[in-house]
Amino acid sequence: MSTVDERPTAEAEEPEGPTNRPEPSYRLREWLSRPYVRHILIIFVILTLAIIPAAWLVIHFMNLSGAPASDIMYEIERTMFVFTLVSAPVMAITATILLYSLLGWGRVHGEEPPMQESPAIRSNPIAIFGWIGATSLLAAFLVIWGLVELARITEMSNGTTRANQQPTTAKPLDINVTGQQWLWTFEYPGQQSITSDVLVVPIDTPIYFNVTSKDVIHNFWVVELGVKIDANPGAITNTGVTPNKLGNFNIRCAELCGLHHAYMETQIKVVTQEQFDAWVREMGGKKFV
Amino acid sequence: MSTDVILTSDIHEQMAVHQPKQRGKAGGFLRRTNVLTGSALGIVLSAVTYAIGSKMVPWGTQNADYSQVGLNALVGATYVAWVIGFMIGIGAFAGPVRWMLGHDITHDDSEYMAGKGQGKWKYWKYTTDHKVVGLQYLVMALTLLGFGGFFAMLIRTELGVTWAEVFDPNFYNSLIGTHGIVMIIAMIIVVAGPLGNFIMPLMIGARDMAFPRLNALSFWLLFAAVPPLLSNLLLGGIRDGWTVYQPLGAQAPVGMIGYQICIITFAFSTGIAGVNLITTIVTMRARGMTWNRVPIFVIGILAAAIMGLVWFPMYQYSQVLAFSDKVVGSSFFIPQEGGSVWLYENLFWLLGHPEVYVIVVPATAALLELMVVFLRKPLFSYKVAVAGFAGIVGLSSVVWVHHMYMTGWAPSAGYPFMLSTELISIPFGFLVLVMLGTLWRGKVWTRLPMMTVYAVLWCKIIGGITGVYLSDVPVDQYMHGSMFVVAHFHFMLMGAGLFGAMGAIAYWFPKMTGKMLHHRLGMVGFWVSFFAFQVTFGSMFVAGLQGQPRRVLQFDNAFEISNWISTIGAYLIGVGMLIFLYAIITSWRSGTIAPANPWGAKTLEWQTQTPVPLENFPVLPVVTSDPYGYGVPDPYDSIELKLTDENLKVGA
Amino acid sequence: MSTTTASSTQQIPRSPTTGELVTTTARRNRLGIWLCIVSDATGTVALLISYVYLWSLNVNSAWAPPKDSFAPDLPFWLIVAGIVLAAATMWWGVRGMAKGHRGQLILASALSSIIVLVTFVGQIVQLSTFPFAITEGAYASATFWLAMATAIHLSVVLFLTLAIFNRTRAGLFTQSNHSHVRLVAMWMTWVCVSALLGAVVTTTMKVSPNTNSPTFGTFSQSSNK
Ligand code: HEM
Ligand SMILES: [Cu+2]
Ligand SMILES: [Cu+2]
């Protein structure tokens with residue numbers, strides 16, 4: 001800028017000197033032989049390896065309460081796993097450079113601006129295009145993975161096909177889910193419209209949910225089955241799942257809906273077909289065909 | 001750009017400039033107004049409105065079965081009266097009225113309005129000087145952060161006490177809503193307000209902002225917007241989270257009106273500030289400051305101002321319509337009467353997403369600006385940084401639906417919006433590259449502002465990666481509405497936004513206050529907050545993965561441990577922040593006097609004296625290069641030319 | 001220091017407050033107005049989105065007002081015509097001022113103010129004579145607010161045209177310094193566009209295309225899917 005500065009500075013846009021630049025392979029060798037480059041590569045590899053277990057950790061936390069209890073949830077966890085693996089190097093390279101900058105390239109303390117200047121690196125086409133290429137590839141991978149997975153779980157939640165793309169033999173079961181402040185009601189239109197405040201479903205049967213609300217927005221979240229959809233007043237939303245694990249799992253409301261939102265929980269009981277039929281009879285509905 | 005160079009002496013004497021007729025003393029009406037007259041008129045006007053209104057309004061009129069239209073209208077009118085009364089009382093309308101009457105402002109008037117010769121009193125008046133407005137914004141932002149932080153402590157107390165309800169659930173719901181929106185407002189202004197107003201004009205070598213009176217207007221509108229927001233806690237609260245989804249918002253008591261008036265007013269404030277910032281940057285740069293010589297912080301402010309200007313009205317109108325639903329019984333968001341909840345969500349997130357970038361972009365740009373000074377290196381690839389900001393501005397307007405994947409609205413919209421959201425991580429990555437490239441081989445001068453660069457980089461990468469998880473629809477099907485989302489956006493808003501703002505404020509503190517920020521205290525406060533932050537929100541990720549929904553005050557035993565850890569961490573953040581605040585206050589009051597350029601930086605704001613004179617520069621500067629001419633030639637470059645094997649070992 | 005010649009600095013007046021040439025401040029103000037227009041346009045788009053989206057959804061079959069009493073078309077177009085006329089008059093005044101005819105601008109701004117006032121009153125009349133109350137369904141709400149937005153725009157425009165009239169009379173605009181008038185005319189042009197867009201949607205989209213929306217709180221439509 002217009003002021004005088006006594007410290008040595010690099011010429012900003014100096015044209016390249018006479019081009020007796022060495023050939024690329026030599027330059028790469030030279031670059032790799034620089035001590036800081038070696039250190040950084042080593043730290044990078046170590047950190048990447050250290051982060052990779054996070055992929056299992058993530059799944060571990062997600063599974064604490066019994067997931068995956070459906071193919072959808074299985075796909076979700078797989079996606080989390082893959083994304084964590086893919087992010088590990090990104091995370092690691094950032095952390096490495098961060099650490100190395102703090103510890104490796106030198107530090108100056110004190111209140112006066114340091115007199116010693118660092119190398120004037122204004123640009124580096126290899127680094128820039130390498131980075132852009134790498135992040136674009138990663139993003140492309142994640143996008144493609146995501147699009148494919150989305151198509152898969154959409155198909156699974158339509159309740160007609162299984163993860164292995166085989167149409168199931170079981171007939172789908174329709175359930176009407178109504179959210180209202182602050183409870184869930186499940187209606188079985190195919191079973192003489194019996195209603196219940198606990199969701200009981202047979203295993204390995206495609207379930208098809210119609211969801212709505214009688215007052216404000218709620219969110220129907222069947223945690224371990226990976227089902228989630230808003231219950232909107234004035235609209236019907238649809239989703240579905242095929243439970244593949246017997247047991248009791250959590251249903252929570254995942255959209256703030258007022259006073260007792262925190263307590264708007266219930267359970268889904270995944271039972272065998274026979275138990276389900278018995279339950280339907282007990283509730284006064286006709287046998288499920 | 002004008003080729004016309006003006007000396008300060010010319011300005012003072014105004015020899016050649018014809019002046020309008022001076023009516024009365026310089027300053028006119030504004031001599032008599034200040035924040036006290038404003039508040040007084042605001043209170044009187046709202047009290048009168050309330051008194052008259054409560055005689056006229058049919059109390060208890062029912063709208064569907066939701067809200068009491070009559071009462072809402074009454075409270076709405078009262079709040080509007082407050083805002084209008086305050087703005088009249090502080091003199092905001094004096095300018096337009098004088099313009100209409102043809103009583104144009106003279107040079108003496110404008111100097112009075114810029115606060116000349118009024119001592120400290122000018123901070124309490126409708127003062128146009130950008131440096132005054134900057135400091136007003138700083139104090140306002142810190143105050144709001146204080147409120148928001150206090151609410152956060154209460155929230156974490158409730159969540160830490162897993163064996164009982166500490167607060168009434170309604171009050172708890174109001175707390176999370178108020179905490180959220182107070183923090184969002186604070187974070188929108190915390191960099192662009194103080195630094196965008198105080199520092200940016202200096203940085204581009206201007207004498208003031210393009211529209212000094214609009215500058216005062218934007219601050220005092222914000223000031224008027226805050227009491228309605230905070231008062232909501234006394235009037236039943238906003239029980240709906242900061243997003244205030246309808247029709248839950250329509251059910252809320254009259255406190256909701258305070259939120260709506262606040263947002264509508266604040267949107268005007270932001271829009272006006274946006275117009276002002278953009279116009280200043282585009283038209284007022286010093287001679288020679290071509291677009292490739294503009295400091296990167298200025299580019300960041302420009303990007304944020306564009307996003308705010310273009311998208312804020314969406315949020316404003318969502319609140320105007322919600323307000324109308326509440327006070328006159330229209331039915332935009334009331335489904336029984338033909339309204340749609342998806343309409344609200346779309347309008348909200350059309351701003352809601354760009355807004356998060358309005359928050360994080362200025363902070364990031366500030367760090368890019370300051371890190372070169374502490375590394376004594378040029379910025380690594382200015383062009384990539386600019387491209388990053390441009391990409392974010394462009395893409396930020398086409399990703400809002402990622403907040404609505406699970407609403408059931410247009411399920412197939414998931415495909416394109418997943419694509420656009422994941423694409424945004426590419427320009428986002430540009431900024432990371434520029435930061436890493438600038439760190440590369442630099443010797444660090446370990447002052448507090450530089451330390452925040454590391455903190456922010458770390459938080460940003462975690463926030464970015466978890467953001468990419470969330471932008472994947474299948475993953476979001478598990479994570480949406482869970483604590484995982486809360487942890488993600490706190491890593492971004494607090495980790496990248498607030499820590500960055502702390503660094504930026506620490507860096508420009510000497511210029512703004514004339515004092516050095518106490519290094520030791522600032523460091524302790526900052527590092528305590530940083531590590532406590534990792535604990536708090538790290539364990540919140542775990543709670544989210546386990547399946548804890550957000551915005552709940554009681555939960556399964558399974559989540560207890562992670563919540564206890566989060567609460568302990570949160571208290572520690574509180575301690576750290578208090579230390580940092582104490583450092584700011586004591587340094588401001590009695591710190592060591594700062595030299596004009598304590599960091600040896602090259603941008604223009606450091607080249608003028610401290611405290612900055614009213615006219616900023618004695619002579620308007622002329623710019624001949626970009627401000628990043630730090631550093632010495634790379635030693636490896638000279639070695640490379642000699643192709644001997646020994647040279648491979650040099651440079652250790 | 002100054003690179004401009006003495007004669008040119010004399011011709012172009014300077015701003016009394018900052019000492020810059022008024023051409024410089026005029027350019028700056030023009031950018032400012034453009035930005036205001038952009039921001040205001042987003043607001044208008046928000047209203048248009050609301051109208052069109054609610055129209056397309058017909059939630060709970062409650063879009064239409066009772067007895068399908070939609071607002072008549074003519075008032076919308078009359079109001080648009082009023083604003084267009086006012087803006088055109090103002091531009092005519094600007095052209096006159098550019099040639100140095102102050103009288104023409106006085107006349108134009110006076111006429112324009114009167115037209116705006118009449119249009120504003122007309123807008124208020126339309127608002128108060130809609131064949132439905134704002135509480136009667138989504139169409140009523142959306143239409144009411146589009147008209148309301150025009151009313152608010154018009155009140156701002158009225159302030160501006162009156163100010164221009166007053167300032168021209170006071171001799172504050174000259175051939176070389178009348179940028180404010182241009183800015184006001186620009187703003188009025190945008191108000192025309194926004195009113196026009198409002199009129200287009202309110203007059204073309206009335207009966208909702210969605211005839212089988214689910215009844216609130218039930219699944220009555222999902223069964224015949
Ligand atoms: C790589 C960049 C980013 C991506 C891909 C991303 C993605 C997402 C997604 C998909 C959600 C929705 C989650 C859900 O509700 O289910 C979300 C929420 C959120 N994000 Fe980000 N994000 C990014 C960066 C940021 C930044 C920079 C900020 C702020 C400075 C931010 C703040 C937020 C906030 C506040 C929410 C939650 C809003 C709410 O529901 O209350 N994000 N993000
Ligand atoms: Cu809920
Ligand atoms: Cu977003």
# chains A, B, ... in the order shown; residues from 1 in each chain; ligands from 1
>>> residues_around(residues="Asn60 of chain C", least_positions_apart="6", cutoff="12 Å", atoms="only C-alpha atoms", output="list in words")
Pro233, Gly234, Ala235 and Ile236 of chain A; Ser331, Ile334, Pro335, Gln336, Glu337, Gly338, Gly339 and Ser340 of chain B; Leu54, Gly137, Ala138, Ser208, Asn210, Thr211, Asn212, Ser213, Pro214, Thr215, Phe216, Gly217, Thr218, Phe219, Ser220 and Gln221 of chain C
>>> write_last_selection(atoms="C-alpha atoms", output="JSON list (two decimals), in the first residue's frame")
[["chain", "number", "residue", "atom", "x", "y", "z"],
["A", 233, "PRO", "CA", -52.02, -30.41, 9.73],
["A", 234, "GLY", "CA", -53.92, -30.08, 6.48],
["A", 235, "ALA", "CA", -51.86, -32.56, 4.51],
["A", 236, "ILE", "CA", -51.23, -36.27, 4.35],
["B", 331, "SER", "CA", -55.19, -17.67, 7.26],
["B", 334, "ILE", "CA", -53.84, -21.90, 9.39],
["B", 335, "PRO", "CA", -54.63, -25.17, 7.60],
["B", 336, "GLN", "CA", -58.31, -25.36, 8.59],
["B", 337, "GLU", "CA", -58.83, -22.14, 6.68],
["B", 338, "GLY", "CA", -56.78, -22.97, 3.62],
["B", 339, "GLY", "CA", -53.35, -21.97, 4.87],
["B", 340, "SER", "CA", -50.26, -24.12, 4.51],
["C", 54, "LEU", "CA", -52.00, -21.57, -1.59],
["C", 137, "GLY", "CA", -60.07, -18.34, 3.67],
["C", 138, "ALA", "CA", -56.68, -18.34, 2.03],
["C", 208, "SER", "CA", -58.01, -23.68, -7.38],
["C", 210, "ASN", "CA", -56.83, -28.92, -6.78],
["C", 211, "THR", "CA", -60.27, -30.31, -6.18],
["C", 212, "ASN", "CA", -59.56, -33.25, -3.89],
["C", 213, "SER", "CA", -57.52, -31.99, -1.00],
["C", 214, "PRO", "CA", -57.80, -34.04, 2.19],
["C", 215, "THR", "CA", -60.15, -32.93, 4.90],
["C", 216, "PHE", "CA", -58.31, -31.48, 7.87],
["C", 217, "GLY", "CA", -57.23, -34.01, 10.49],
["C", 218, "THR", "CA", -58.56, -37.04, 8.59],
["C", 219, "PHE", "CA", -57.51, -39.46, 5.90],
["C", 220, "SER", "CA", -60.65, -39.06, 3.88],
["C", 221, "GLN", "CA", -58.87, -38.43, 0.61]]
>>> residues_around(residues="segment 76-81 of chain A", least_positions_apart="3", cutoff="9 Å", atoms="only C-alpha atoms", output="PDB file with N, CA, C and O atoms, in the first residue's frame")
ATOM      1  N   ALA A  54     -13.624 -43.968  14.058  1.00  0.00           N
ATOM      2  CA  ALA A  54     -14.847 -43.186  14.326  1.00  0.00           C
ATOM      3  C   ALA A  54     -16.025 -43.744  13.547  1.00  0.00           C
ATOM      4  O   ALA A  54     -17.168 -43.653  13.995  1.00  0.00           O
ATOM      5  N   ALA A  55     -15.740 -44.343  12.404  1.00  0.00           N
ATOM      6  CA  ALA A  55     -16.825 -44.894  11.604  1.00  0.00           C
ATOM      7  C   ALA A  55     -17.572 -45.983  12.374  1.00  0.00           C
ATOM      8  O   ALA A  55     -18.798 -46.067  12.309  1.00  0.00           O
ATOM      9  N   TRP A  56     -16.814 -46.811  13.113  1.00  0.00           N
ATOM     10  CA  TRP A  56     -17.487 -47.848  13.910  1.00  0.00           C
ATOM     11  C   TRP A  56     -18.151 -47.244  15.134  1.00  0.00           C
ATOM     12  O   TRP A  56     -19.206 -47.659  15.547  1.00  0.00           O
ATOM     13  N   VAL A  58     -19.496 -44.323  15.421  1.00  0.00           N
ATOM     14  CA  VAL A  58     -20.760 -43.714  15.021  1.00  0.00           C
ATOM     15  C   VAL A  58     -21.853 -44.772  14.991  1.00  0.00           C
ATOM     16  O   VAL A  58     -22.933 -44.612  15.559  1.00  0.00           O
ATOM     17  N   ILE A  59     -21.554 -45.889  14.345  1.00  0.00           N
ATOM     18  CA  ILE A  59     -22.542 -46.965  14.255  1.00  0.00           C
ATOM     19  C   ILE A  59     -22.862 -47.513  15.633  1.00  0.00           C
ATOM     20  O   ILE A  59     -24.022 -47.802  15.956  1.00  0.00           O
ATOM     21  N   MET A  62     -25.308 -45.350  17.308  1.00  0.00           N
ATOM     22  CA  MET A  62     -26.631 -45.441  16.697  1.00  0.00           C
ATOM     23  C   MET A  62     -27.314 -46.748  17.079  1.00  0.00           C
ATOM     24  O   MET A  62     -28.546 -46.834  17.087  1.00  0.00           O
ATOM     25  N   PRO A  68     -29.936 -51.740  13.775  1.00  0.00           N
ATOM     26  CA  PRO A  68     -30.995 -51.452  12.821  1.00  0.00           C
ATOM     27  C   PRO A  68     -32.104 -52.495  12.889  1.00  0.00           C
ATOM     28  O   PRO A  68     -31.830 -53.674  12.952  1.00  0.00           O
ATOM     29  N   ASP A  71     -34.354 -52.581   6.969  1.00  0.00           N
ATOM     30  CA  ASP A  71     -33.348 -52.382   5.927  1.00  0.00           C
ATOM     31  C   ASP A  71     -33.048 -50.905   5.724  1.00  0.00           C
ATOM     32  O   ASP A  71     -31.945 -50.523   5.373  1.00  0.00           O
ATOM     33  N   ILE A  72     -34.059 -50.082   5.941  1.00  0.00           N
ATOM     34  CA  ILE A  72     -33.833 -48.648   5.779  1.00  0.00           C
ATOM     35  C   ILE A  72     -32.764 -48.193   6.753  1.00  0.00           C
ATOM     36  O   ILE A  72     -31.809 -47.512   6.388  1.00  0.00           O
ATOM     37  N   MET A  73     -32.937 -48.582   8.003  1.00  0.00           N
ATOM     38  CA  MET A  73     -31.966 -48.167   9.008  1.00  0.00           C
ATOM     39  C   MET A  73     -30.594 -48.735   8.680  1.00  0.00           C
ATOM     40  O   MET A  73     -29.576 -48.077   8.888  1.00  0.00           O
ATOM     41  N   THR A  84     -18.223 -41.327   6.919  1.00  0.00           N
ATOM     42  CA  THR A  84     -17.181 -41.084   7.903  1.00  0.00           C
ATOM     43  C   THR A  84     -15.824 -41.524   7.357  1.00  0.00           C
ATOM     44  O   THR A  84     -14.823 -40.821   7.504  1.00  0.00           O
ATOM     45  N   LEU A  85     -15.792 -42.686   6.693  1.00  0.00           N
ATOM     46  CA  LEU A  85     -14.526 -43.143   6.105  1.00  0.00           C
ATOM     47  C   LEU A  85     -14.016 -42.118   5.107  1.00  0.00           C
ATOM     48  O   LEU A  85     -12.841 -41.757   5.096  1.00  0.00           O
ATOM     49  N   VAL A  86     -14.918 -41.627   4.261  1.00  0.00           N
ATOM     50  CA  VAL A  86     -14.501 -40.705   3.216  1.00  0.00           C
ATOM     51  C   VAL A  86     -14.032 -39.381   3.824  1.00  0.00           C
ATOM     52  O   VAL A  86     -13.111 -38.734   3.322  1.00  0.00           O
ATOM     53  N   TRP A 145     -23.504 -41.407  -4.336  1.00  0.00           N
ATOM     54  CA  TRP A 145     -23.879 -42.356  -3.293  1.00  0.00           C
ATOM     55  C   TRP A 145     -25.234 -41.974  -2.706  1.00  0.00           C
ATOM     56  O   TRP A 145     -26.139 -42.798  -2.552  1.00  0.00           O
ATOM     57  N   GLY A 146     -25.356 -40.676  -2.386  1.00  0.00           N
ATOM     58  CA  GLY A 146     -26.592 -40.206  -1.767  1.00  0.00           C
ATOM     59  C   GLY A 146     -27.790 -40.399  -2.671  1.00  0.00           C
ATOM     60  O   GLY A 146     -28.842 -40.860  -2.226  1.00  0.00           O
ATOM     61  N   GLU A 149     -28.662 -44.102  -2.810  1.00  0.00           N
ATOM     62  CA  GLU A 149     -29.254 -44.543  -1.541  1.00  0.00           C
ATOM     63  C   GLU A 149     -30.661 -43.987  -1.370  1.00  0.00           C
ATOM     64  O   GLU A 149     -31.560 -44.673  -0.894  1.00  0.00           O
ATOM     65  N   ILE A 153     -33.894 -46.152  -0.545  1.00  0.00           N
ATOM     66  CA  ILE A 153     -34.782 -46.123   0.629  1.00  0.00           C
ATOM     67  C   ILE A 153     -36.162 -45.611   0.268  1.00  0.00           C
ATOM     68  O   ILE A 153     -37.130 -45.971   0.925  1.00  0.00           O
ATOM     69  N   GLY A 226     -35.502 -46.164  11.440  1.00  0.00           N
ATOM     70  CA  GLY A 226     -35.090 -45.148  10.483  1.00  0.00           C
ATOM     71  C   GLY A 226     -36.234 -44.559   9.690  1.00  0.00           C
ATOM     72  O   GLY A 226     -36.069 -44.196   8.534  1.00  0.00           O
TER      73      GLY A 226
ATOM     74  N   TYR B 469     -23.113 -34.885   6.115  1.00  0.00           N
ATOM     75  CA  TYR B 469     -23.974 -35.998   6.557  1.00  0.00           C
ATOM     76  C   TYR B 469     -25.438 -35.600   6.449  1.00  0.00           C
ATOM     77  O   TYR B 469     -26.276 -36.300   5.902  1.00  0.00           O
ATOM     78  N   ASP B 472     -27.336 -35.370   3.247  1.00  0.00           N
ATOM     79  CA  ASP B 472     -27.684 -36.631   2.604  1.00  0.00           C
ATOM     80  C   ASP B 472     -29.060 -37.071   3.129  1.00  0.00           C
ATOM     81  O   ASP B 472     -29.236 -37.280   4.326  1.00  0.00           O
ATOM     82  N   PRO B 474     -30.953 -39.807   3.154  1.00  0.00           N
ATOM     83  CA  PRO B 474     -31.118 -40.978   4.017  1.00  0.00           C
ATOM     84  C   PRO B 474     -30.563 -40.747   5.424  1.00  0.00           C
ATOM     85  O   PRO B 474     -31.204 -41.127   6.413  1.00  0.00           O
ATOM     86  N   VAL B 475     -29.411 -40.113   5.539  1.00  0.00           N
ATOM     87  CA  VAL B 475     -28.869 -39.868   6.877  1.00  0.00           C
ATOM     88  C   VAL B 475     -29.769 -38.897   7.626  1.00  0.00           C
ATOM     89  O   VAL B 475     -30.061 -39.075   8.811  1.00  0.00           O
ATOM     90  N   ASP B 476     -30.225 -37.873   6.920  1.00  0.00           N
ATOM     91  CA  ASP B 476     -31.083 -36.886   7.576  1.00  0.00           C
ATOM     92  C   ASP B 476     -32.361 -37.531   8.086  1.00  0.00           C
ATOM     93  O   ASP B 476     -32.973 -37.065   9.044  1.00  0.00           O
ATOM     94  N   GLN B 477     -32.753 -38.618   7.445  1.00  0.00           N
ATOM     95  CA  GLN B 477     -33.960 -39.312   7.887  1.00  0.00           C
ATOM     96  C   GLN B 477     -33.779 -39.811   9.317  1.00  0.00           C
ATOM     97  O   GLN B 477     -34.754 -39.982  10.036  1.00  0.00           O
ATOM     98  N   TYR B 478     -32.552 -40.050   9.715  1.00  0.00           N
ATOM     99  CA  TYR B 478     -32.326 -40.390  11.118  1.00  0.00           C
ATOM    100  C   TYR B 478     -32.020 -39.150  11.946  1.00  0.00           C
ATOM    101  O   TYR B 478     -32.511 -38.996  13.056  1.00  0.00           O
TER     102      TYR B 478
END
>>> closest_residue(among="C:Ser128, C:Ser39, C:Ser61, C:Asn29", to="chain A", atoms="only C-alpha atoms")
C:Ser61
>>> residues_near_ligand(ligand="ligand 1", cutoff="8 Å", atoms="only C-alpha atoms and all ligand atoms", output="MDAnalysis selection string")
chainID B and resid 241:243 352:353 355:361 402:406 421:422 424:425 428 460 463:472 476:477 479:482 485:486 488:490 492:494 496:497
>>> closest_atom_pairs(of="chain A", to="ligand 2", cutoff="9 Å", atoms="only C-alpha atoms and all ligand atoms", output="CSV")
residue,atom,partner,partner_atom_place_in_ligand_line,distance
A:Gly179,CA,ligand 2,1 (Cu),8.6
A:Gln180,CA,ligand 2,1 (Cu),8.7
A:Gln181,CA,ligand 2,1 (Cu),7.6
A:Trp182,CA,ligand 2,1 (Cu),6.9
A:Leu183,CA,ligand 2,1 (Cu),8.7
A:Val216,CA,ligand 2,1 (Cu),8.8
A:Ile217,CA,ligand 2,1 (Cu),7.5
A:His218,CA,ligand 2,1 (Cu),4.9
A:Asn219,CA,ligand 2,1 (Cu),6.5
A:Phe220,CA,ligand 2,1 (Cu),8.7
A:Arg252,CA,ligand 2,1 (Cu),7.8
A:Cys253,CA,ligand 2,1 (Cu),4.4
A:Ala254,CA,ligand 2,1 (Cu),5.8
A:Glu255,CA,ligand 2,1 (Cu),4.7
A:Leu256,CA,ligand 2,1 (Cu),4.4
A:Cys257,CA,ligand 2,1 (Cu),3.9
A:Gly258,CA,ligand 2,1 (Cu),6.7
A:Leu259,CA,ligand 2,1 (Cu),8.7
A:His260,CA,ligand 2,1 (Cu),7.4
A:His261,CA,ligand 2,1 (Cu),3.9
A:Ala262,CA,ligand 2,1 (Cu),6.7
A:Tyr263,CA,ligand 2,1 (Cu),8.1
A:Met264,CA,ligand 2,1 (Cu),6.0
A:Glu265,CA,ligand 2,1 (Cu),8.7
